[in-house]
Amino acid sequence: MKKQKDPTSLKSNIIWNSAGSLFYQACIWLMSWVVLRLSGPADNGIFAVAMAQSNMFFTVAIYGMRAYQSSDLTGKYTDRVYVFSRFFTSGAALLACGGAVLLWGYGPGTAWPVLFYMAFRISEALMDVLHGIDQRVMRMDIVGKSFLMRGVVSLAVFALGLFCGLGLSLSILGMAAASFILVAIYDVPRARALGDFSRPFSFSSMGRLLLECLPLVAYAFLNTAISNLPRVYLETAHGEAAAGIFSAISAPALLVQMGAAYLFTPLITGFAAAYQQRDKVGFQKLLGRTCLAVGGVGVLGVLGGFLLGEWGLRFLYGGNPDTLAGVMKNQALLVPVIVSAVVTAFVLFFNMLLTIIRDFKGLVAANAAGLLCCVLLCGPLIGRGYLQGTNLVVLLSLLVQLGGLLLSGGLKVKKRFAEKT
């Protein structure tokens with residue numbers, strides 16, 4: 001393949017990344033609907049377990065490294081090192097998932113779907129490191145097209161397997177195999193064309209990279225726990241039905257969060273360049289525009305919740321009377337959940353920014369503070385406040401987390417731009 005390193009425009013990068021990523025997430029969401037329709041509620045519950053369990057180990061596989069890799073403009077580590085480190089972390093994640101399945105004592109009917117879905121997520125982790133190479137040279141159009149194809153192929157193979165009566169396990173396995181094939185025939189050739197694989201690989205370099213990025217894994221676990229712990233506490237205190245209602249109402253809010261997040265992901269390289277070159281004006285302009293864009297998406301999301309929330313919930317859950325009844329009884333939760341989703345998007349942005357400026361101590365400290373707040377508030381607020389209390393725990397914890405990120409990141413950026421070149 002001929003090398004095509006000419007970067008696309010920032011606008012094009014944002015459009016391609018947003019369109020592809022949102023489409024792919026929509027396909028992932030549709031998989032649950034497909035399982036429910038073609039295989040029934042029992043298999044849908046197993047599929048939900050497989051998706052949930054894979055999230056924790058997927059964090060290990062990607063190692064929180066994407067923003068670090070895409071902002072490594074000086075080539076501190078080679079593309080070979082990034083790719084081979086992903087093989088290592090993905091293998092470790094798959095082994096850890098297998099060990100957890102044995103520890104949890106799942107039967108074959110649940111164990112195989114969990115393991116096969118984890119294999120599917122490993123293909124996503126490999127795709128992610130290749131996309132990091134594309135992003136560093138501002139070719140997010142390739143990333144967006146990859147997500148579009150991956151969404152279509154994954155959903156089609158998965159649905160076809162269930163339709164043909166292959167069962168949940170084999171359908172997930174077929175989807176995973178198709179995903180690996182797509183990575184091999186689309187993502188690998190393009191990353192090889194755009195990256196520099198002429199520089200040698202060494203295990204010592206990979207070890208240094210993994211050690212340097214270890215705080216990113218810690219922050220990723222802490223950040224995930226802040227959103228998951230209140231849900232777990234809600235289920236423990238008020239039962240599975242309450243947790244199901246909260247998840248159902250929260251699902252539309254994820255679109256707002258993801259829509260905002262996909263706006264700033266293509267900006268990693270721009271922030272990194274401005275920071276390294278001590279371009280204070282350029283950095284501030286990019287920061288201001290990003291915050292306005294994320295805030296704008298948030299305002300639209302809140303307005304949409306006010307104006308279209310009831311209609312949207314009825315449209316999504318009208319086919320299930322039991323779920324619809326619980327959702328509509330608590331529909332007032334939708335707008336507050338959207339607000340939390342917007343704050344989450346800002347937290348994700350500043351997590352990314354602290355990664356770019358290599359403020360790992362501040363990153364871990366801010367996320368740890370947010371989790372501590374979450375732990376302290378779960379009992380009093382969720383025990384008494386039910387669903388609204390659950391969202392309030394999430395929101396307050398996020399605000400503590402965001403405050404820590406702003407304080408630590410602001411001090412480091414101020415110090416950087418005060419230094420003489």
# chains A, B, ... in the order shown; residues from 1 in each chain; ligands from 1

call {"tool": "residues_around", "arguments": {"residues": "stretch 398-409 of chain A", "least_positions_apart": "4", "cutoff": "10 Å", "atoms": "only C-alpha atoms", "output": "number ranges by chain"}}
result
A: 223, 226-227, 340-341, 343-344, 346-351, 353-355, 357-374, 392-394, 413-415

call {"tool": "closest_atom_pairs", "arguments": {"of": "stretch 111-178 of chain A", "to": "stretch 58-63 of chain A", "cutoff": "10 Å", "atoms": "only C-alpha atoms", "output": "JSON lines"}}
result
{"residue": "A:Met118", "atom": "CA", "partner": "A:Phe58", "partner_atom": "CA", "distance": 7.7}
{"residue": "A:Ala119", "atom": "CA", "partner": "A:Phe58", "partner_atom": "CA", "distance": 9.9}
{"residue": "A:Arg121", "atom": "CA", "partner": "A:Phe58", "partner_atom": "CA", "distance": 6.6}
{"residue": "A:Ile122", "atom": "CA", "partner": "A:Ala61", "partner_atom": "CA", "distance": 7.0}
{"residue": "A:Glu124", "atom": "CA", "partner": "A:Phe58", "partner_atom": "CA", "distance": 8.9}
{"residue": "A:Ala125", "atom": "CA", "partner": "A:Ile62", "partner_atom": "CA", "distance": 5.6}
{"residue": "A:Leu126", "atom": "CA", "partner": "A:Ile62", "partner_atom": "CA", "distance": 8.2}
{"residue": "A:Met127", "atom": "CA", "partner": "A:Ile62", "partner_atom": "CA", "distance": 10.0}
{"residue": "A:Asp128", "atom": "CA", "partner": "A:Ile62", "partner_atom": "CA", "distance": 7.5}
{"residue": "A:Val129", "atom": "CA", "partner": "A:Ile62", "partner_atom": "CA", "distance": 7.9}

call {"tool": "closest_residue", "arguments": {"among": "A:Val152, A:Ile142, A:Met206, A:Met258", "to": "A:Tyr77", "atoms": "only C-alpha atoms"}}
result
A:Met206

call {"tool": "residues_around", "arguments": {"residues": "A:Leu254", "least_positions_apart": "4", "cutoff": "12 Å", "atoms": "only C-alpha atoms", "output": "PyMOL selection string"}}
result
chain A and resi 22+25-26+29+247-250+258-262+298+301+334+337-345

call {"tool": "residues_around", "arguments": {"residues": "A:Ala191", "least_positions_apart": "2", "cutoff": "8 Å", "atoms": "only C-alpha atoms", "output": "list in words"}}
result
Leu130, His131, Ile133, Asp134, Asp187, Val188, Pro189, Ala193, Leu194 and Gly195 of chain A

call {"tool": "select_by_dssp", "arguments": {"residues": "stretch 167-276 of chain A", "states": "alpha helix (DSSP H)", "output": "ChimeraX atom specification"}}
result
/A:167-182,188-194,203-212,214-238,240-264,268-276

call {"tool": "closest_residue", "arguments": {"among": "A:Phe283, A:Ala177, A:Leu303, A:Ser9", "to": "A:Val256", "atoms": "only C-alpha atoms"}}
result
A:Leu303

call {"tool": "residues_around", "arguments": {"residues": "A:Tyr106", "least_positions_apart": "6", "cutoff": "12 Å", "atoms": "only C-alpha atoms", "output": "MDAnalysis selection string"}}
result
chainID A and resid 46 49:50 53 97:100 112:115

call {"tool": "residues_around", "arguments": {"residues": "stretch 144-151 of chain A", "least_positions_apart": "3", "cutoff": "10 Å", "atoms": "only C-alpha atoms", "output": "PDB file with all heavy atoms, in the first residue's frame"}}
result
ATOM      1  N   ASN A  13     -11.573  15.150  10.532  1.00  0.00           N
ATOM      2  CA  ASN A  13     -11.229  14.168  11.568  1.00  0.00           C
ATOM      3  C   ASN A  13     -12.353  14.021  12.585  1.00  0.00           C
ATOM      4  O   ASN A  13     -12.710  12.903  12.990  1.00  0.00           O
ATOM      5  CB  ASN A  13      -9.937  14.597  12.277  1.00  0.00           C
ATOM      6  CG  ASN A  13      -8.694  14.156  11.536  1.00  0.00           C
ATOM      7  OD1 ASN A  13      -8.527  12.984  11.236  1.00  0.00           O
ATOM      8  ND2 ASN A  13      -7.829  15.090  11.225  1.00  0.00           N
ATOM      9  N   ILE A  14     -12.898  15.155  13.030  1.00  0.00           N
ATOM     10  CA  ILE A  14     -13.972  15.125  14.030  1.00  0.00           C
ATOM     11  C   ILE A  14     -15.218  14.448  13.461  1.00  0.00           C
ATOM     12  O   ILE A  14     -15.856  13.618  14.124  1.00  0.00           O
ATOM     13  CB  ILE A  14     -14.293  16.553  14.509  1.00  0.00           C
ATOM     14  CG1 ILE A  14     -13.114  17.119  15.327  1.00  0.00           C
ATOM     15  CG2 ILE A  14     -15.566  16.566  15.347  1.00  0.00           C
ATOM     16  CD1 ILE A  14     -13.286  18.557  15.732  1.00  0.00           C
ATOM     17  N   ILE A  15     -15.559  14.790  12.215  1.00  0.00           N
ATOM     18  CA  ILE A  15     -16.764  14.216  11.599  1.00  0.00           C
ATOM     19  C   ILE A  15     -16.628  12.702  11.434  1.00  0.00           C
ATOM     20  O   ILE A  15     -17.519  11.936  11.807  1.00  0.00           O
ATOM     21  CB  ILE A  15     -17.047  14.895  10.248  1.00  0.00           C
ATOM     22  CG1 ILE A  15     -17.475  16.349  10.468  1.00  0.00           C
ATOM     23  CG2 ILE A  15     -18.134  14.133   9.480  1.00  0.00           C
ATOM     24  CD1 ILE A  15     -17.637  17.140   9.188  1.00  0.00           C
ATOM     25  N   TRP A  16     -15.503  12.265  10.874  1.00  0.00           N
ATOM     26  CA  TRP A  16     -15.307  10.833  10.654  1.00  0.00           C
ATOM     27  C   TRP A  16     -15.273  10.065  11.973  1.00  0.00           C
ATOM     28  O   TRP A  16     -15.897   9.006  12.110  1.00  0.00           O
ATOM     29  CB  TRP A  16     -14.016  10.586   9.879  1.00  0.00           C
ATOM     30  CG  TRP A  16     -14.179  10.641   8.392  1.00  0.00           C
ATOM     31  CD1 TRP A  16     -13.674  11.573   7.533  1.00  0.00           C
ATOM     32  CD2 TRP A  16     -14.913   9.708   7.582  1.00  0.00           C
ATOM     33  NE1 TRP A  16     -14.042  11.282   6.236  1.00  0.00           N
ATOM     34  CE2 TRP A  16     -14.795  10.146   6.245  1.00  0.00           C
ATOM     35  CE3 TRP A  16     -15.639   8.562   7.855  1.00  0.00           C
ATOM     36  CZ2 TRP A  16     -15.389   9.459   5.190  1.00  0.00           C
ATOM     37  CZ3 TRP A  16     -16.237   7.874   6.801  1.00  0.00           C
ATOM     38  CH2 TRP A  16     -16.108   8.322   5.490  1.00  0.00           C
ATOM     39  N   ASN A  17     -14.536  10.586  12.955  1.00  0.00           N
ATOM     40  CA  ASN A  17     -14.430   9.893  14.238  1.00  0.00           C
ATOM     41  C   ASN A  17     -15.778   9.833  14.946  1.00  0.00           C
ATOM     42  O   ASN A  17     -16.151   8.788  15.486  1.00  0.00           O
ATOM     43  CB  ASN A  17     -13.408  10.603  15.125  1.00  0.00           C
ATOM     44  CG  ASN A  17     -13.194   9.888  16.451  1.00  0.00           C
ATOM     45  OD1 ASN A  17     -12.651   8.790  16.493  1.00  0.00           O
ATOM     46  ND2 ASN A  17     -13.635  10.508  17.534  1.00  0.00           N
ATOM     47  N   SER A  18     -16.510  10.938  14.946  1.00  0.00           N
ATOM     48  CA  SER A  18     -17.811  10.974  15.620  1.00  0.00           C
ATOM     49  C   SER A  18     -18.810  10.048  14.946  1.00  0.00           C
ATOM     50  O   SER A  18     -19.497   9.259  15.616  1.00  0.00           O
ATOM     51  CB  SER A  18     -18.345  12.407  15.648  1.00  0.00           C
ATOM     52  OG  SER A  18     -17.474  13.260  16.350  1.00  0.00           O
ATOM     53  N   ALA A  19     -18.881  10.129  13.619  1.00  0.00           N
ATOM     54  CA  ALA A  19     -19.844   9.307  12.884  1.00  0.00           C
ATOM     55  C   ALA A  19     -19.539   7.825  13.048  1.00  0.00           C
ATOM     56  O   ALA A  19     -20.429   7.015  13.354  1.00  0.00           O
ATOM     57  CB  ALA A  19     -19.834   9.696  11.410  1.00  0.00           C
ATOM     58  N   GLY A  20     -18.281   7.454  12.854  1.00  0.00           N
ATOM     59  CA  GLY A  20     -17.915   6.048  12.957  1.00  0.00           C
ATOM     60  C   GLY A  20     -18.086   5.500  14.353  1.00  0.00           C
ATOM     61  O   GLY A  20     -18.633   4.400  14.548  1.00  0.00           O
ATOM     62  N   SER A  21     -17.637   6.252  15.355  1.00  0.00           N
ATOM     63  CA  SER A  21     -17.704   5.772  16.737  1.00  0.00           C
ATOM     64  C   SER A  21     -19.138   5.664  17.230  1.00  0.00           C
ATOM     65  O   SER A  21     -19.506   4.680  17.897  1.00  0.00           O
ATOM     66  CB  SER A  21     -16.901   6.713  17.653  1.00  0.00           C
ATOM     67  OG  SER A  21     -15.551   6.763  17.268  1.00  0.00           O
ATOM     68  N   LEU A  22     -19.966   6.674  16.928  1.00  0.00           N
ATOM     69  CA  LEU A  22     -21.367   6.619  17.354  1.00  0.00           C
ATOM     70  C   LEU A  22     -22.105   5.469  16.676  1.00  0.00           C
ATOM     71  O   LEU A  22     -22.911   4.774  17.303  1.00  0.00           O
ATOM     72  CB  LEU A  22     -22.051   7.951  17.043  1.00  0.00           C
ATOM     73  CG  LEU A  22     -21.743   9.103  17.997  1.00  0.00           C
ATOM     74  CD1 LEU A  22     -22.310  10.414  17.456  1.00  0.00           C
ATOM     75  CD2 LEU A  22     -22.299   8.830  19.390  1.00  0.00           C
ATOM     76  N   PHE A  23     -21.826   5.260  15.385  1.00  0.00           N
ATOM     77  CA  PHE A  23     -22.466   4.154  14.664  1.00  0.00           C
ATOM     78  C   PHE A  23     -22.064   2.819  15.279  1.00  0.00           C
ATOM     79  O   PHE A  23     -22.899   1.930  15.472  1.00  0.00           O
ATOM     80  CB  PHE A  23     -22.076   4.192  13.190  1.00  0.00           C
ATOM     81  CG  PHE A  23     -22.680   3.075  12.378  1.00  0.00           C
ATOM     82  CD1 PHE A  23     -23.991   3.155  11.942  1.00  0.00           C
ATOM     83  CD2 PHE A  23     -21.930   1.940  12.065  1.00  0.00           C
ATOM     84  CE1 PHE A  23     -24.558   2.111  11.204  1.00  0.00           C
ATOM     85  CE2 PHE A  23     -22.484   0.906  11.336  1.00  0.00           C
ATOM     86  CZ  PHE A  23     -23.804   0.988  10.904  1.00  0.00           C
ATOM     87  N   TYR A  24     -20.789   2.685  15.599  1.00  0.00           N
ATOM     88  CA  TYR A  24     -20.308   1.430  16.188  1.00  0.00           C
ATOM     89  C   TYR A  24     -20.960   1.181  17.549  1.00  0.00           C
ATOM     90  O   TYR A  24     -21.398   0.059  17.838  1.00  0.00           O
ATOM     91  CB  TYR A  24     -18.789   1.480  16.330  1.00  0.00           C
ATOM     92  CG  TYR A  24     -18.201   0.258  16.994  1.00  0.00           C
ATOM     93  CD1 TYR A  24     -18.310  -0.997  16.405  1.00  0.00           C
ATOM     94  CD2 TYR A  24     -17.546   0.351  18.234  1.00  0.00           C
ATOM     95  CE1 TYR A  24     -17.781  -2.126  17.010  1.00  0.00           C
ATOM     96  CE2 TYR A  24     -17.015  -0.770  18.846  1.00  0.00           C
ATOM     97  CZ  TYR A  24     -17.135  -2.006  18.228  1.00  0.00           C
ATOM     98  OH  TYR A  24     -16.618  -3.120  18.836  1.00  0.00           O
ATOM     99  N   GLN A  25     -21.050   2.227  18.393  1.00  0.00           N
ATOM    100  CA  GLN A  25     -21.686   2.064  19.687  1.00  0.00           C
ATOM    101  C   GLN A  25     -23.169   1.725  19.551  1.00  0.00           C
ATOM    102  O   GLN A  25     -23.712   0.961  20.355  1.00  0.00           O
ATOM    103  CB  GLN A  25     -21.500   3.329  20.527  1.00  0.00           C
ATOM    104  CG  GLN A  25     -20.074   3.586  20.959  1.00  0.00           C
ATOM    105  CD  GLN A  25     -19.505   2.476  21.808  1.00  0.00           C
ATOM    106  OE1 GLN A  25     -20.226   1.859  22.598  1.00  0.00           O
ATOM    107  NE2 GLN A  25     -18.216   2.215  21.655  1.00  0.00           N
ATOM    108  N   ALA A  26     -23.813   2.290  18.527  1.00  0.00           N
ATOM    109  CA  ALA A  26     -25.217   1.960  18.281  1.00  0.00           C
ATOM    110  C   ALA A  26     -25.359   0.481  17.912  1.00  0.00           C
ATOM    111  O   ALA A  26     -26.300  -0.190  18.353  1.00  0.00           O
ATOM    112  CB  ALA A  26     -25.772   2.838  17.165  1.00  0.00           C
ATOM    113  N   CYS A  27     -24.417  -0.036  17.133  1.00  0.00           N
ATOM    114  CA  CYS A  27     -24.442  -1.455  16.767  1.00  0.00           C
ATOM    115  C   CYS A  27     -24.239  -2.344  17.993  1.00  0.00           C
ATOM    116  O   CYS A  27     -24.881  -3.393  18.119  1.00  0.00           O
ATOM    117  CB  CYS A  27     -23.371  -1.746  15.715  1.00  0.00           C
ATOM    118  SG  CYS A  27     -23.711  -1.032  14.081  1.00  0.00           S
ATOM    119  N   ILE A  28     -23.346  -1.936  18.893  1.00  0.00           N
ATOM    120  CA  ILE A  28     -23.135  -2.696  20.125  1.00  0.00           C
ATOM    121  C   ILE A  28     -24.411  -2.708  20.959  1.00  0.00           C
ATOM    122  O   ILE A  28     -24.802  -3.748  21.519  1.00  0.00           O
ATOM    123  CB  ILE A  28     -21.967  -2.098  20.946  1.00  0.00           C
ATOM    124  CG1 ILE A  28     -20.643  -2.224  20.178  1.00  0.00           C
ATOM    125  CG2 ILE A  28     -21.861  -2.770  22.306  1.00  0.00           C
ATOM    126  CD1 ILE A  28     -20.208  -3.639  19.939  1.00  0.00           C
ATOM    127  N   GLU A 124     -10.783  -5.520  19.510  1.00  0.00           N
ATOM    128  CA  GLU A 124     -10.996  -4.075  19.633  1.00  0.00           C
ATOM    129  C   GLU A 124      -9.757  -3.387  20.214  1.00  0.00           C
ATOM    130  O   GLU A 124      -9.395  -2.275  19.807  1.00  0.00           O
ATOM    131  CB  GLU A 124     -12.213  -3.830  20.522  1.00  0.00           C
ATOM    132  CG  GLU A 124     -12.697  -2.403  20.557  1.00  0.00           C
ATOM    133  CD  GLU A 124     -13.976  -2.248  21.347  1.00  0.00           C
ATOM    134  OE1 GLU A 124     -14.841  -3.145  21.260  1.00  0.00           O
ATOM    135  OE2 GLU A 124     -14.122  -1.228  22.052  1.00  0.00           O
ATOM    136  N   MET A 127      -7.200  -3.183  17.466  1.00  0.00           N
ATOM    137  CA  MET A 127      -7.617  -2.114  16.565  1.00  0.00           C
ATOM    138  C   MET A 127      -7.274  -0.750  17.158  1.00  0.00           C
ATOM    139  O   MET A 127      -6.827   0.160  16.442  1.00  0.00           O
ATOM    140  CB  MET A 127      -9.124  -2.212  16.310  1.00  0.00           C
ATOM    141  CG  MET A 127      -9.714  -1.084  15.477  1.00  0.00           C
ATOM    142  SD  MET A 127     -11.519  -1.120  15.453  1.00  0.00           S
ATOM    143  CE  MET A 127     -11.883  -0.641  17.156  1.00  0.00           C
ATOM    144  N   HIS A 131      -5.211   2.328  15.530  1.00  0.00           N
ATOM    145  CA  HIS A 131      -5.851   3.628  15.351  1.00  0.00           C
ATOM    146  C   HIS A 131      -5.017   4.742  15.973  1.00  0.00           C
ATOM    147  O   HIS A 131      -5.060   5.888  15.520  1.00  0.00           O
ATOM    148  CB  HIS A 131      -7.247   3.626  15.972  1.00  0.00           C
ATOM    149  CG  HIS A 131      -8.247   2.862  15.163  1.00  0.00           C
ATOM    150  ND1 HIS A 131      -9.565   2.702  15.553  1.00  0.00           N
ATOM    151  CD2 HIS A 131      -8.134   2.213  13.981  1.00  0.00           C
ATOM    152  CE1 HIS A 131     -10.203   1.993  14.649  1.00  0.00           C
ATOM    153  NE2 HIS A 131      -9.365   1.677  13.692  1.00  0.00           N
ATOM    154  N   ARG A 139      -5.120  11.088  10.680  1.00  0.00           N
ATOM    155  CA  ARG A 139      -5.902  10.363   9.679  1.00  0.00           C
ATOM    156  C   ARG A 139      -7.062   9.638  10.353  1.00  0.00           C
ATOM    157  O   ARG A 139      -7.205   8.430  10.267  1.00  0.00           O
ATOM    158  CB  ARG A 139      -5.016   9.391   8.923  1.00  0.00           C
ATOM    159  CG  ARG A 139      -4.037  10.043   7.955  1.00  0.00           C
ATOM    160  CD  ARG A 139      -4.750  10.853   6.860  1.00  0.00           C
ATOM    161  NE  ARG A 139      -5.730  10.066   6.146  1.00  0.00           N
ATOM    162  CZ  ARG A 139      -5.445   9.334   5.062  1.00  0.00           C
ATOM    163  NH1 ARG A 139      -4.205   9.324   4.586  1.00  0.00           N
ATOM    164  NH2 ARG A 139      -6.372   8.639   4.450  1.00  0.00           N
ATOM    165  N   MET A 140      -7.901  10.435  11.033  1.00  0.00           N
ATOM    166  CA  MET A 140      -9.048   9.866  11.719  1.00  0.00           C
ATOM    167  C   MET A 140     -10.146   9.424  10.762  1.00  0.00           C
ATOM    168  O   MET A 140     -11.102   8.757  11.167  1.00  0.00           O
ATOM    169  CB  MET A 140      -9.610  10.879  12.720  1.00  0.00           C
ATOM    170  CG  MET A 140      -8.650  11.261  13.842  1.00  0.00           C
ATOM    171  SD  MET A 140      -8.302   9.904  14.959  1.00  0.00           S
ATOM    172  CE  MET A 140      -9.809   9.869  15.935  1.00  0.00           C
ATOM    173  N   ASP A 141     -10.006   9.788   9.485  1.00  0.00           N
ATOM    174  CA  ASP A 141     -10.946   9.265   8.497  1.00  0.00           C
ATOM    175  C   ASP A 141     -10.827   7.748   8.397  1.00  0.00           C
ATOM    176  O   ASP A 141     -11.829   7.041   8.240  1.00  0.00           O
ATOM    177  CB  ASP A 141     -10.705   9.916   7.130  1.00  0.00           C
ATOM    178  CG  ASP A 141      -9.280   9.723   6.641  1.00  0.00           C
ATOM    179  OD1 ASP A 141      -8.340   9.906   7.426  1.00  0.00           O
ATOM    180  OD2 ASP A 141      -9.110   9.395   5.448  1.00  0.00           O
ATOM    181  N   SER A 154     -19.762  -6.837  12.597  1.00  0.00           N
ATOM    182  CA  SER A 154     -19.981  -7.480  13.889  1.00  0.00           C
ATOM    183  C   SER A 154     -21.459  -7.763  14.128  1.00  0.00           C
ATOM    184  O   SER A 154     -21.840  -8.881  14.513  1.00  0.00           O
ATOM    185  CB  SER A 154     -19.426  -6.600  15.019  1.00  0.00           C
ATOM    186  OG  SER A 154     -18.045  -6.393  14.868  1.00  0.00           O
ATOM    187  N   LEU A 155     -22.293  -6.757  13.909  1.00  0.00           N
ATOM    188  CA  LEU A 155     -23.729  -6.931  14.138  1.00  0.00           C
ATOM    189  C   LEU A 155     -24.320  -7.951  13.175  1.00  0.00           C
ATOM    190  O   LEU A 155     -25.129  -8.801  13.570  1.00  0.00           O
ATOM    191  CB  LEU A 155     -24.445  -5.586  13.998  1.00  0.00           C
ATOM    192  CG  LEU A 155     -25.955  -5.585  14.242  1.00  0.00           C
ATOM    193  CD1 LEU A 155     -26.276  -6.067  15.651  1.00  0.00           C
ATOM    194  CD2 LEU A 155     -26.535  -4.180  14.023  1.00  0.00           C
ATOM    195  N   ALA A 156     -23.906  -7.893  11.904  1.00  0.00           N
ATOM    196  CA  ALA A 156     -24.456  -8.812  10.903  1.00  0.00           C
ATOM    197  C   ALA A 156     -24.091 -10.263  11.206  1.00  0.00           C
ATOM    198  O   ALA A 156     -24.952 -11.156  11.166  1.00  0.00           O
ATOM    199  CB  ALA A 156     -23.956  -8.417   9.513  1.00  0.00           C
ATOM    200  N   MET A 175     -18.555 -13.613  15.611  1.00  0.00           N
ATOM    201  CA  MET A 175     -18.361 -12.172  15.587  1.00  0.00           C
ATOM    202  C   MET A 175     -16.913 -11.810  15.908  1.00  0.00           C
ATOM    203  O   MET A 175     -16.317 -10.926  15.263  1.00  0.00           O
ATOM    204  CB  MET A 175     -19.308 -11.518  16.600  1.00  0.00           C
ATOM    205  CG  MET A 175     -19.157 -10.027  16.746  1.00  0.00           C
ATOM    206  SD  MET A 175     -20.379  -9.314  17.887  1.00  0.00           S
ATOM    207  CE  MET A 175     -19.834 -10.014  19.464  1.00  0.00           C
ATOM    208  N   ALA A 178     -14.705 -12.672  12.875  1.00  0.00           N
ATOM    209  CA  ALA A 178     -14.888 -11.684  11.805  1.00  0.00           C
ATOM    210  C   ALA A 178     -14.177 -10.379  12.140  1.00  0.00           C
ATOM    211  O   ALA A 178     -13.616  -9.717  11.251  1.00  0.00           O
ATOM    212  CB  ALA A 178     -16.380 -11.436  11.591  1.00  0.00           C
ATOM    213  N   SER A 179     -14.172 -10.015  13.413  1.00  0.00           N
ATOM    214  CA  SER A 179     -13.518  -8.779  13.838  1.00  0.00           C
ATOM    215  C   SER A 179     -12.000  -8.860  13.665  1.00  0.00           C
ATOM    216  O   SER A 179     -11.362  -7.904  13.209  1.00  0.00           O
ATOM    217  CB  SER A 179     -13.863  -8.476  15.302  1.00  0.00           C
ATOM    218  OG  SER A 179     -15.247  -8.281  15.460  1.00  0.00           O
ATOM    219  N   PHE A 180     -11.420  -9.998  14.024  1.00  0.00           N
ATOM    220  CA  PHE A 180      -9.982 -10.178  13.830  1.00  0.00           C
ATOM    221  C   PHE A 180      -9.617 -10.124  12.343  1.00  0.00           C
ATOM    222  O   PHE A 180      -8.585  -9.556  11.964  1.00  0.00           O
ATOM    223  CB  PHE A 180      -9.526 -11.501  14.435  1.00  0.00           C
ATOM    224  CG  PHE A 180      -9.261 -11.441  15.907  1.00  0.00           C
ATOM    225  CD1 PHE A 180     -10.123 -12.043  16.812  1.00  0.00           C
ATOM    226  CD2 PHE A 180      -8.148 -10.778  16.398  1.00  0.00           C
ATOM    227  CE1 PHE A 180      -9.886 -11.991  18.182  1.00  0.00           C
ATOM    228  CE2 PHE A 180      -7.893 -10.709  17.769  1.00  0.00           C
ATOM    229  CZ  PHE A 180      -8.774 -11.320  18.657  1.00  0.00           C
ATOM    230  N   LEU A 182     -11.214  -8.481  10.017  1.00  0.00           N
ATOM    231  CA  LEU A 182     -11.335  -7.092   9.581  1.00  0.00           C
ATOM    232  C   LEU A 182     -10.123  -6.275  10.005  1.00  0.00           C
ATOM    233  O   LEU A 182      -9.615  -5.441   9.238  1.00  0.00           O
ATOM    234  CB  LEU A 182     -12.617  -6.483  10.149  1.00  0.00           C
ATOM    235  CG  LEU A 182     -12.987  -5.076   9.661  1.00  0.00           C
ATOM    236  CD1 LEU A 182     -13.177  -5.077   8.142  1.00  0.00           C
ATOM    237  CD2 LEU A 182     -14.257  -4.593  10.339  1.00  0.00           C
ATOM    238  N   VAL A 183      -9.637  -6.505  11.238  1.00  0.00           N
ATOM    239  CA  VAL A 183      -8.426  -5.815  11.694  1.00  0.00           C
ATOM    240  C   VAL A 183      -7.257  -6.153  10.782  1.00  0.00           C
ATOM    241  O   VAL A 183      -6.465  -5.285  10.398  1.00  0.00           O
ATOM    242  CB  VAL A 183      -8.104  -6.212  13.149  1.00  0.00           C
ATOM    243  CG1 VAL A 183      -6.710  -5.712  13.547  1.00  0.00           C
ATOM    244  CG2 VAL A 183      -9.137  -5.631  14.107  1.00  0.00           C
ATOM    245  N   TYR A 186      -7.954  -4.601   7.017  1.00  0.00           N
ATOM    246  CA  TYR A 186      -8.153  -3.152   6.865  1.00  0.00           C
ATOM    247  C   TYR A 186      -7.226  -2.335   7.756  1.00  0.00           C
ATOM    248  O   TYR A 186      -6.487  -1.473   7.271  1.00  0.00           O
ATOM    249  CB  TYR A 186      -9.605  -2.772   7.168  1.00  0.00           C
ATOM    250  CG  TYR A 186      -9.856  -1.284   6.976  1.00  0.00           C
ATOM    251  CD1 TYR A 186     -10.074  -0.770   5.700  1.00  0.00           C
ATOM    252  CD2 TYR A 186      -9.862  -0.395   8.045  1.00  0.00           C
ATOM    253  CE1 TYR A 186     -10.283   0.596   5.501  1.00  0.00           C
ATOM    254  CE2 TYR A 186     -10.066   0.959   7.859  1.00  0.00           C
ATOM    255  CZ  TYR A 186     -10.280   1.454   6.591  1.00  0.00           C
ATOM    256  OH  TYR A 186     -10.467   2.798   6.399  1.00  0.00           O
ATOM    257  N   ASP A 187      -7.246  -2.585   9.054  1.00  0.00           N
ATOM    258  CA  ASP A 187      -6.501  -1.728   9.982  1.00  0.00           C
ATOM    259  C   ASP A 187      -4.995  -1.928   9.904  1.00  0.00           C
ATOM    260  O   ASP A 187      -4.233  -0.952   9.934  1.00  0.00           O
ATOM    261  CB  ASP A 187      -6.983  -1.975  11.419  1.00  0.00           C
ATOM    262  CG  ASP A 187      -8.423  -1.557  11.628  1.00  0.00           C
ATOM    263  OD1 ASP A 187      -8.723  -0.377  11.401  1.00  0.00           O
ATOM    264  OD2 ASP A 187      -9.246  -2.414  12.002  1.00  0.00           O
TER     265      ASP A 187
END

call {"tool": "closest_residue", "arguments": {"among": "A:Phe271, A:Phe315, A:Phe163, A:Tyr219", "to": "A:Met65", "atoms": "only C-alpha atoms"}}
result
A:Tyr219

call {"tool": "atom_distance", "arguments": {"atom1": "atom CA of A:Leu307", "atom2": "atom CA of A:Val294"}}
result
20.0 Å

call {"tool": "closest_residue", "arguments": {"among": "A:Gly389, A:Gly107, A:Gly40, A:Gly296", "to": "A:Leu333", "atoms": "only C-alpha atoms"}}
result
A:Gly389

call {"tool": "closest_residue", "arguments": {"among": "A:Val81, A:Leu162, A:Leu292, A:Ile185", "to": "A:Pro200", "atoms": "only C-alpha atoms"}}
result
A:Val81

call {"tool": "closest_residue", "arguments": {"among": "A:Ile268, A:Lys11, A:Gly410, A:Ala159", "to": "A:Ser171", "atoms": "only C-alpha atoms"}}
result
A:Ala159
